[in-house]
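**Student:** This structure is in structure tokens; I'll ask about it shortly.
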Amino acid sequence: MLNDVTFGQYYPAKSFVHRLDPRAKILFMIAYFVAVFLAKNFFGLAAVTLFLLFAVFMSRVPFGRVLRSVKMILFLIIFTGILNLLFYSGELTYEPLVQWWIVTISYESIVQTVFLSFRLFLIVMGTSILTLTTTPVALTDGIESLLKPLMYIKVPVHEVALIMSIALRFIPTLIDETNRIVAAQKARGADFETGGLFKRAKAMIPVLFPLIVSALRRADDLGDAMEARCYRGSKGRTKYKKLVLTWRDLLGLLFFAALIAGIVLLNIYFGGKFDILHYFMGG
Amino acid sequence: MEAVRFEHVKYSYREDESEYAVNDVSLSVEEGEFVAILGRNGSGKSTLAKLINALLTPTSGKVSVFGLDTSDEKQTFAIRKSAGMVFQNPDNQAVASIVEDDVAFGPENIGVPREEIGKRIDFALNAVGMQDFRNAMPSRLSGGQKQRIAIAGVIAILPKIMILDESTAMLDPQGRREVMAVVKKLNREQGMTVILITHFMEEALQAERAIVMHRGEVVMDGTPEHIFSHSDALETYNLTLPRAAYICKKLQAAGMPIGEAFTAEELAEEICKSLQKG
Ligand SMILES: Nc1ncnc2c1ncn2[C@@H]1O[C@H](COP(=O)(O)OP(=O)(O)OP(=O)(O)O)[C@@H](O)[C@H]1O
Ligand SMILES: [Mg+2]
């Protein structure tokens, strides 16, 4: 579980998607989001789904692995789905199915719910393809490189990226430490499992304090270790790993351009998401 | 050539200088030497180490590394390039989640060109016997392996001096042996000056010279054998003898006619000799 956190959920492989430049992948991700939000009807979402399946296939990550990330936020999808279903407040063309107190279930709310859940599902799946095929280190490198222009308005891009990668590095260490402290407090009779929320939160205080103290001490040590290794900010610094764009990224660009063009066309031909109701209900 | 020189160095963590962590220390370490520094908790060993690579600068007196004054800020960078330091906790030194990125950190900081960094990583990982772990995650390695990566991170800067501040203290016996083997090899094969701070007397025996600190002062300085033959003095500084030397001393006190021995091998030999005679 520790390494799940450090490596995000990186799935090592040497696929086309893995080998895309992280900067390109981040931009593609944004293009993908744009495509998902641009799609006005179910045909658009279906097209995005096909594209997604194609991307999963190209990434050589088992489909189950990609689905697993959806499982983690299934609750969120269901929750927003139910809210939408019960409290949809848009215009109604058809008679509502159920109307009780402040709750209304209508054909429109059903369509809306399916549509939004589908969207959320696509976004989570897409994001997890990014994190499954890109190491956090590559991601931070990519973000650093993409944000570089901000240096001209005095944003400390290098420092921010370094902080991000150090934070990633220390996550497993701190989780380890937390487990150790919890075990130590349990051995002293601390009780983390019973009682209400308040009592349990209070039981965490003797865990939190040693954890913070130790984190500060680690930060101190790390500062010394970094200085001892000649760190003095971005001044005169070189980078070992250089990001290079290849034909793959160009090909990826074409795929995504095609996706967005396709969505725009589908929007024009098939109209909005509720048009599907006319088809089923007539009129 | 003289690698490190302390001239009447005092250092106090306090504004009012009411107490000195390092008190009037003068010493000199030659290039290529392997020096162990011993002393009880709080005797000033870490402070002494940090004074060498300008993590601290003396309150009074002068520290120089290859002739460069550590109090001169313009020299700090050059001093740190030639005097690398490995710390105690293997978990608090790595900056990156992948071994090769971590080893690259030092060379990147000193502006080594990209192609050359790759070569230095190869060289450094080879030197510590971790070449197969280039793409591993430090968090998955053992303590001894983590410390070897930390050493590789220092080697990649190509320093002339390597300071190890209790770098074996948190390791198991296996990890300690791994790290000591690497350090000895660096000293022997590359002529690296090694300054090893340790609580383990057995490790001090592997050095050519041992320095004992007590309350911020250098109180003994000589070969490890010389120092361990003064067991009464060691006791006043709260230090113990290496186990074999201790057993040897007890046997002598009990009337067994054996000579001085510091390591298990030497002790075994002495005992055999006395048994053959008797
Ligand atoms: N950052 C600090 N601030 C204030 N006092 C300190 C600091 N670091 C060390 N000291 C004090 O300076 C003295 C020497 O400490 P130092 O860490 O150099 O000893 P040491 O020999 O390395 O001990 P150990 O074996 O525990 O590592 C101690 O009395 C200690 O309390
Ligand atoms: Mg110390």
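Residues are named by chain letter and number: chains run A, B, ... in the order of the structure tokens, numbers start at 1 in each chain, and ligands are numbered from 1 in the order shown.
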Dump the neighbourhood of ligand 2 as a ChimeraX atom specification: all residues within 12 Å, distances computed on only C-alpha atoms and all ligand atoms.

**Tutor:** /A:221 /B:21,37-50,86-89,164-169,196-199,213,216

**Student:** Those residues you just picked out, can you put them in a file as a short mmCIF file (atom, residue, chain, number, x, y, z; two decimals), in the first residue's frame with N, CA and C atoms?

**Tutor:**
data_model
loop_
_atom_site.label_atom_id
_atom_site.label_comp_id
_atom_site.auth_asym_id
_atom_site.auth_seq_id
_atom_site.Cartn_x
_atom_site.Cartn_y
_atom_site.Cartn_z
N ASP A 221 16.96 17.93 8.95
CA ASP A 221 17.99 17.03 8.43
C ASP A 221 18.10 17.14 6.92
N ALA B 21 29.98 24.03 22.04
CA ALA B 21 29.79 22.67 21.56
C ALA B 21 31.11 22.12 21.04
N ILE B 37 36.16 9.45 14.51
CA ILE B 37 35.95 10.38 15.62
C ILE B 37 34.99 9.73 16.62
N LEU B 38 35.45 9.63 17.86
CA LEU B 38 34.66 8.98 18.91
C LEU B 38 34.29 10.00 19.97
N GLY B 39 33.31 9.64 20.75
CA GLY B 39 32.92 10.53 21.84
C GLY B 39 31.49 10.24 22.22
N ARG B 40 31.17 10.50 23.48
CA ARG B 40 29.82 10.18 23.96
C ARG B 40 28.81 11.15 23.34
N ASN B 41 27.52 10.90 23.59
CA ASN B 41 26.47 11.80 23.08
C ASN B 41 26.71 13.22 23.56
N GLY B 42 26.58 14.17 22.64
CA GLY B 42 26.71 15.57 23.02
C GLY B 42 28.14 16.05 23.17
N SER B 43 29.11 15.24 22.76
CA SER B 43 30.50 15.64 22.94
C SER B 43 30.97 16.60 21.84
N GLY B 44 30.11 16.83 20.84
CA GLY B 44 30.46 17.82 19.82
C GLY B 44 30.91 17.25 18.48
N LYS B 45 30.71 15.97 18.29
CA LYS B 45 31.18 15.35 17.04
C LYS B 45 30.46 15.89 15.81
N SER B 46 29.12 15.95 15.91
CA SER B 46 28.37 16.43 14.74
C SER B 46 28.69 17.89 14.46
N THR B 47 28.85 18.65 15.51
CA THR B 47 29.20 20.06 15.34
C THR B 47 30.53 20.17 14.62
N LEU B 48 31.49 19.36 15.05
CA LEU B 48 32.81 19.36 14.40
C LEU B 48 32.66 19.04 12.92
N ALA B 49 31.84 18.02 12.61
CA ALA B 49 31.65 17.61 11.22
C ALA B 49 31.04 18.74 10.40
N LYS B 50 30.03 19.40 10.97
CA LYS B 50 29.35 20.47 10.22
C LYS B 50 30.25 21.68 10.03
N VAL B 86 27.66 12.42 4.68
CA VAL B 86 26.54 11.49 4.78
C VAL B 86 26.05 11.53 6.22
N PHE B 87 24.72 11.57 6.38
CA PHE B 87 24.17 11.77 7.72
C PHE B 87 23.68 10.46 8.35
N GLN B 88 23.09 10.61 9.50
CA GLN B 88 22.71 9.43 10.29
C GLN B 88 21.47 8.72 9.76
N ASN B 89 20.40 9.48 9.56
CA ASN B 89 19.13 8.84 9.24
C ASN B 89 18.99 8.60 7.74
N LEU B 164 31.26 10.97 7.39
CA LEU B 164 30.09 10.16 7.71
C LEU B 164 29.73 10.39 9.17
N ASP B 165 28.59 11.03 9.40
CA ASP B 165 28.19 11.33 10.77
C ASP B 165 27.26 10.24 11.30
N GLU B 166 27.84 9.28 11.97
CA GLU B 166 27.08 8.15 12.53
C GLU B 166 26.17 7.51 11.47
N SER B 167 26.72 7.37 10.27
CA SER B 167 25.90 6.87 9.17
C SER B 167 25.55 5.40 9.32
N THR B 168 26.17 4.72 10.28
CA THR B 168 25.82 3.31 10.47
C THR B 168 24.97 3.10 11.70
N ALA B 169 24.69 4.20 12.43
CA ALA B 169 24.06 4.05 13.75
C ALA B 169 22.67 3.43 13.68
N LEU B 196 35.14 9.49 9.81
CA LEU B 196 34.03 8.62 10.20
C LEU B 196 33.68 8.85 11.67
N ILE B 197 32.48 9.39 11.88
CA ILE B 197 32.02 9.57 13.26
C ILE B 197 31.23 8.34 13.64
N THR B 198 31.55 7.74 14.76
CA THR B 198 30.85 6.49 15.09
C THR B 198 30.77 6.23 16.58
N HIS B 199 29.77 5.43 16.92
CA HIS B 199 29.63 4.95 18.30
C HIS B 199 30.17 3.54 18.44
N MET B 213 36.59 12.86 21.37
CA MET B 213 36.10 14.17 21.82
C MET B 213 35.36 14.02 23.14
N GLY B 216 33.30 18.87 23.84
CA GLY B 216 33.72 19.83 22.84
C GLY B 216 35.21 19.90 22.59
#

**Student:** Residues of chain B no more than 6 Å from chain A, counting only C-alpha atoms: send them over as a PyMOL selection string.

**Tutor:** chain B and resi 80+92-93+95-97+106+108-109+111+114

**Student:** Using DSSP assignments from the backbone, pull out every residue in segment 70-244 of chain A that falls under strand (DSSP E) and give it to me as a PyMOL selection string.

**Tutor:** chain A and resi 98-100+103-105

**Student:** Store the residues picked out above in a file with C-alpha atoms, as a PDB file, in the first residue's frame.

**Tutor:**
ATOM      1  CA  VAL A  98     -42.732  11.399  -9.257  1.00  0.00           C
ATOM      2  CA  GLN A  99     -43.419  14.579  -7.380  1.00  0.00           C
ATOM      3  CA  TRP A 100     -43.284  14.521  -3.601  1.00  0.00           C
ATOM      4  CA  VAL A 103     -38.355  15.947  -4.641  1.00  0.00           C
ATOM      5  CA  THR A 104     -39.078  15.620  -8.339  1.00  0.00           C
ATOM      6  CA  ILE A 105     -38.075  12.754 -10.600  1.00  0.00           C
TER       7      ILE A 105
END

**Student:** Please identify all polymer residues within 12 Å of Gln112 of chain A, counting only C-alpha atoms, omitting same-chain residues fewer than 5 positions from it, and present them as a PyMOL selection string.

**Tutor:** chain A and resi 40-42+80-92+105-107+117-119+272-277

**Student:** Quick one: residues within 9 Å of segment 125-130 of chain B, only C-alpha atoms counted, chain neighbours fewer than 5 positions away excluded, as a ChimeraX atom specification?

**Tutor:** /B:100,103,120,145,148-149,151-153,155-156,178-179,181-183,185-186

**Student:** Would you give me, as a PyMOL selection string, the residues in segment 45-244 of chain A that DSSP reads as alpha helix (DSSP H)?

**Tutor:** chain A and resi 45-59+63-72+74-87+107-133+136-147+157-187+197-228

**Student:** Just to confirm, what's the straight-line distance from atom CA of Ala138 of chain A to atom CA of Leu50 of chain A in Å (one decimal)?

**Tutor:**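 Result for atom CA of Ala138 of chain A versus atom CA of Leu50 of chain A: 27.0 Å, one decimal.
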
**Student:** Between B:Val29, B:Val4, B:Ile247, B:Leu171, which is the closest to Lys146 of chain B once you count only C-alpha atoms?

**Tutor:**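 Under the stated criterion, the closest residue is B:Leu171.
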
**Student:** Could you work out how far atom CA of Ile263 of chain A lies from atom CA of Met58 of chain A, giving the answer in Å with one decimal?

**Tutor:** 20.9 Å
